[in-house]
Amino acid sequence: MSSLHISLIQTKLFWENKTANLLMLEEKINSISQKTEIVVLPEMFSTGFSMNPPAFAETMDGPTIEWMKKMAAEKKIILTGSVIIQENNQFFNRLLWVLPNGTIGHYDKRHRFAFAGEDQHYSNGHKRLIAQVKGWKINLQICYDLRFPVWARQQSDDEPEYDLLLYVANWPERRNHAWKTLLTARAIENQAYVIGVNRVGEDGNGIYHSGNSMVVDPLGEVLYHKEHEEDIFTIILEKNTLTEIRNKFPFWKDADDFHITQD
């Protein structure tokens with residue numbers, strides 16, 4: 001069974017300043033000395049959680065995507081995080097999954113955060129992205145999606161649909177109890193590892209983020225948790241541990257049979 005080396009970057013972000021953010025993140029990625037295969041950045045890592053997409057959106061051949069491709073190739077990693085993308089006259093909060101060979105997968109955030117007006121500025125996605133790495137299946141989601149368990153629910157009839165559920169976020173400190181509780185719940189109910197990577201610091205709207213990036217195992221045990229401080233943390237996830245838990249406690253087999261239809 002394979003192991004997976006994943007690095008989480010919990011960081012402050014420069015408000016709506018792509019150049020400063022990419023320089024800062026490049027330094028942080030270059031500082032990772034341990035073996036790593038996937039590096040995870042927060043939601044809207046190049047701008048912060050901006051509601052001004054006309055000013056900051058890029059196309060899929062824009063400078064931020066080119067930077068991600070360069071970093072993935074140079075470091076021989078998969079690099080992921082979300083950015084503002086314009087496509088077909090619409091704006092998306094898009095998670096990019098960039099491989100070292102330049103191949104890019106993407107997931108458009110389904111649940112837009114209406115409380116902050118995200119639904120007024122961005123179009124929502126309709127399709128989940130489950131990436132595959134070394135025999136691992138990884139379900140990629142963004143921030144507010146965490147509050148909607150049906151969207152994250154295992155849907156396969158024969159075996160669990162994914163092994164790791166990954167959230168990138170700009171989740172405010174004032175609701176950090178919900179963040180920590182829901183990450184743990186998603187792990188337990190889906191019998192999967194869960195990783196949540198959040199930012200720290202105050203954004204351009206004066207909203208403080210405490211981080212609380214976490215790694216949770218399939219039994220709900222917290223393997224990593226960091227609040228308030230910037231941090232770069234690499235963890236090794238073991239596939240045989242996941243398999244043993246699912247074999248010993250095959251709760252996933254008793255789940256309701258359902259499938260999400262696209263709207």
# chains A, B, ... in the order shown; residues from 1 in each chain; ligands from 1
$ select_by_dssp --residues "range 76-199 of chain A" --states "helix (DSSP H, G or I)" --output "PyMOL selection string"
chain A and resi 114-116+118-121+143-147+149-152+173-190
$ residues_around --residues "Gln132 in chain A" --least-positions-apart "3" --cutoff "12 Å" --atoms "only C-alpha atoms" --output "PyMOL selection string"
chain A and resi 4+38+78+97+99+105+129+135-140+161-164
$ write_last_selection --atoms "C-alpha atoms" --output "compact mmCIF listing (two decimals), in the first residue's frame"
# COMPACT_ATOMS: atom_id res chain seq x y z
CA LEU A 4 1.36 10.02 0.34
CA ILE A 38 1.50 17.48 -3.09
CA ILE A 78 1.48 18.50 -7.59
CA TRP A 97 -4.66 20.72 -9.65
CA LEU A 99 0.87 18.22 -12.24
CA GLY A 105 -7.34 19.49 -13.53
CA LEU A 129 -13.20 16.53 -9.26
CA GLY A 135 -3.58 4.72 -6.05
CA TRP A 136 -5.13 7.43 -3.85
CA LYS A 137 -8.40 9.09 -4.84
CA ILE A 138 -8.67 12.70 -3.68
CA ASN A 139 -11.91 14.71 -3.60
CA LEU A 140 -11.09 18.41 -4.09
CA GLU A 161 -15.39 6.80 -3.96
CA TYR A 162 -12.36 8.60 -2.50
CA ASP A 163 -9.69 8.25 0.19
CA LEU A 164 -8.89 11.88 0.99
$ atom_distance --atom1 "CA of Ile85 in chain A" --atom2 "CA of Val215 in chain A"
27.9 Å
$ residues_around --residues "Ser50 in chain A" --least-positions-apart "5" --cutoff "9 Å" --atoms "only C-alpha atoms" --output "JSON list (two decimals) with all heavy atoms, in the first residue's frame"
[["chain", "number", "residue", "atom", "x", "y", "z"],
["A", 15, "TRP", "N", -3.28, 41.47, 0.36],
["A", 15, "TRP", "CA", -4.61, 41.73, -0.19],
["A", 15, "TRP", "C", -4.53, 42.21, -1.64],
["A", 15, "TRP", "O", -3.92, 43.25, -1.94],
["A", 15, "TRP", "CB", -5.34, 42.75, 0.68],
["A", 15, "TRP", "CG", -6.75, 43.02, 0.22],
["A", 15, "TRP", "CD1", -7.24, 44.18, -0.28],
["A", 15, "TRP", "CD2", -7.83, 42.09, 0.24],
["A", 15, "TRP", "NE1", -8.57, 44.04, -0.59],
["A", 15, "TRP", "CE2", -8.97, 42.76, -0.28],
["A", 15, "TRP", "CE3", -7.97, 40.76, 0.64],
["A", 15, "TRP", "CZ2", -10.21, 42.16, -0.41],
["A", 15, "TRP", "CZ3", -9.21, 40.14, 0.51],
["A", 15, "TRP", "CH2", -10.31, 40.84, -0.01],
["A", 16, "GLU", "N", -5.11, 41.43, -2.53],
["A", 16, "GLU", "CA", -5.25, 41.77, -3.95],
["A", 16, "GLU", "C", -3.91, 42.18, -4.58],
["A", 16, "GLU", "O", -3.83, 43.10, -5.38],
["A", 16, "GLU", "CB", -6.32, 42.87, -4.13],
["A", 16, "GLU", "CG", -7.70, 42.40, -3.70],
["A", 16, "GLU", "CD", -8.80, 43.43, -3.90],
["A", 16, "GLU", "OE1", -8.47, 44.64, -4.04],
["A", 16, "GLU", "OE2", -9.99, 43.06, -3.94],
["A", 44, "MET", "N", -8.05, 31.18, -3.11],
["A", 44, "MET", "CA", -7.69, 32.47, -3.69],
["A", 44, "MET", "C", -6.33, 32.95, -3.17],
["A", 44, "MET", "O", -6.17, 34.08, -2.70],
["A", 44, "MET", "CB", -8.78, 33.52, -3.42],
["A", 44, "MET", "CG", -10.08, 33.28, -4.16],
["A", 44, "MET", "SD", -11.14, 34.75, -4.14],
["A", 44, "MET", "CE", -12.65, 34.09, -4.86],
["A", 56, "PHE", "N", -9.09, 41.13, -11.22],
["A", 56, "PHE", "CA", -8.04, 40.16, -10.89],
["A", 56, "PHE", "C", -8.19, 38.81, -11.57],
["A", 56, "PHE", "O", -7.30, 37.97, -11.43],
["A", 56, "PHE", "CB", -7.99, 39.96, -9.37],
["A", 56, "PHE", "CG", -7.70, 41.23, -8.63],
["A", 56, "PHE", "CD1", -8.71, 41.90, -7.95],
["A", 56, "PHE", "CD2", -6.43, 41.78, -8.64],
["A", 56, "PHE", "CE1", -8.45, 43.10, -7.28],
["A", 56, "PHE", "CE2", -6.16, 42.97, -7.98],
["A", 56, "PHE", "CZ", -7.16, 43.63, -7.30],
["A", 84, "ILE", "N", -8.89, 33.10, -9.10],
["A", 84, "ILE", "CA", -10.02, 33.68, -9.81],
["A", 84, "ILE", "C", -9.80, 33.49, -11.31],
["A", 84, "ILE", "O", -8.81, 33.96, -11.86],
["A", 84, "ILE", "CB", -10.17, 35.18, -9.49],
["A", 84, "ILE", "CG1", -10.31, 35.39, -7.97],
["A", 84, "ILE", "CG2", -11.37, 35.78, -10.21],
["A", 84, "ILE", "CD1", -10.21, 36.86, -7.56],
["A", 118, "GLU", "N", -20.48, 36.35, -2.61],
["A", 118, "GLU", "CA", -19.78, 35.57, -3.64],
["A", 118, "GLU", "C", -20.72, 35.14, -4.76],
["A", 118, "GLU", "O", -20.32, 35.06, -5.92],
["A", 118, "GLU", "CB", -19.11, 34.35, -3.01],
["A", 118, "GLU", "CG", -18.18, 33.60, -3.95],
["A", 118, "GLU", "CD", -17.48, 32.42, -3.30],
["A", 118, "GLU", "OE1", -17.90, 31.99, -2.20],
["A", 118, "GLU", "OE2", -16.51, 31.92, -3.90],
["A", 204, "GLY", "N", -8.34, 42.41, 3.45],
["A", 204, "GLY", "CA", -8.59, 43.80, 3.12],
["A", 204, "GLY", "C", -9.90, 44.34, 3.62],
["A", 204, "GLY", "O", -10.13, 45.56, 3.57]]
$ residues_around --residues "Asp257 in chain A" --least-positions-apart "4" --cutoff "10 Å" --atoms "only C-alpha atoms" --output "list in words"
Gln154, Gln155, Ser156, Asp157 and Lys253 of chain A
$ decode --residues "range 211-225 of chain A" --atoms "N, CA, C and O atoms" --output "compact mmCIF listing (two decimals), in the first residue's frame"
# COMPACT_ATOMS: atom_id res chain seq x y z
N GLY A 211 -6.48 30.57 10.78
CA GLY A 211 -5.88 29.35 10.26
C GLY A 211 -6.65 28.12 10.69
O GLY A 211 -7.68 27.79 10.13
N ASN A 212 -6.14 27.44 11.70
CA ASN A 212 -6.74 26.18 12.15
C ASN A 212 -6.73 25.14 11.04
O ASN A 212 -7.66 24.33 10.92
N SER A 213 -5.67 25.18 10.21
CA SER A 213 -5.50 24.11 9.23
C SER A 213 -5.38 22.79 9.98
O SER A 213 -4.79 22.73 11.07
N MET A 214 -5.95 21.74 9.39
CA MET A 214 -6.04 20.46 10.09
C MET A 214 -5.84 19.29 9.14
O MET A 214 -6.15 19.38 7.95
N VAL A 215 -5.36 18.19 9.72
CA VAL A 215 -5.40 16.88 9.09
C VAL A 215 -6.12 15.95 10.05
O VAL A 215 -5.75 15.86 11.23
N VAL A 216 -7.16 15.28 9.56
CA VAL A 216 -7.99 14.40 10.40
C VAL A 216 -7.99 13.01 9.79
O VAL A 216 -8.13 12.86 8.57
N ASP A 217 -7.85 11.99 10.63
CA ASP A 217 -7.84 10.63 10.10
C ASP A 217 -9.26 10.08 9.97
O ASP A 217 -10.23 10.73 10.41
N PRO A 218 -9.45 8.90 9.38
CA PRO A 218 -10.81 8.39 9.12
C PRO A 218 -11.63 8.08 10.37
O PRO A 218 -12.85 7.86 10.25
N LEU A 219 -10.99 8.05 11.53
CA LEU A 219 -11.72 7.84 12.78
C LEU A 219 -12.03 9.16 13.48
O LEU A 219 -12.62 9.18 14.55
N GLY A 220 -11.62 10.28 12.89
CA GLY A 220 -11.87 11.59 13.48
C GLY A 220 -10.77 12.08 14.39
O GLY A 220 -10.93 13.12 15.05
N GLU A 221 -9.65 11.37 14.44
CA GLU A 221 -8.52 11.79 15.26
C GLU A 221 -7.74 12.89 14.52
O GLU A 221 -7.42 12.74 13.34
N VAL A 222 -7.42 13.96 15.23
CA VAL A 222 -6.70 15.07 14.62
C VAL A 222 -5.21 14.77 14.63
O VAL A 222 -4.59 14.61 15.69
N LEU A 223 -4.61 14.70 13.43
CA LEU A 223 -3.20 14.40 13.29
C LEU A 223 -2.35 15.66 13.24
O LEU A 223 -1.14 15.60 13.50
N TYR A 224 -2.96 16.78 12.87
CA TYR A 224 -2.25 18.06 12.80
C TYR A 224 -3.26 19.18 12.95
O TYR A 224 -4.38 19.11 12.42
N HIS A 225 -2.86 20.21 13.69
CA HIS A 225 -3.72 21.38 13.88
C HIS A 225 -2.83 22.56 14.25
O HIS A 225 -2.00 22.46 15.16
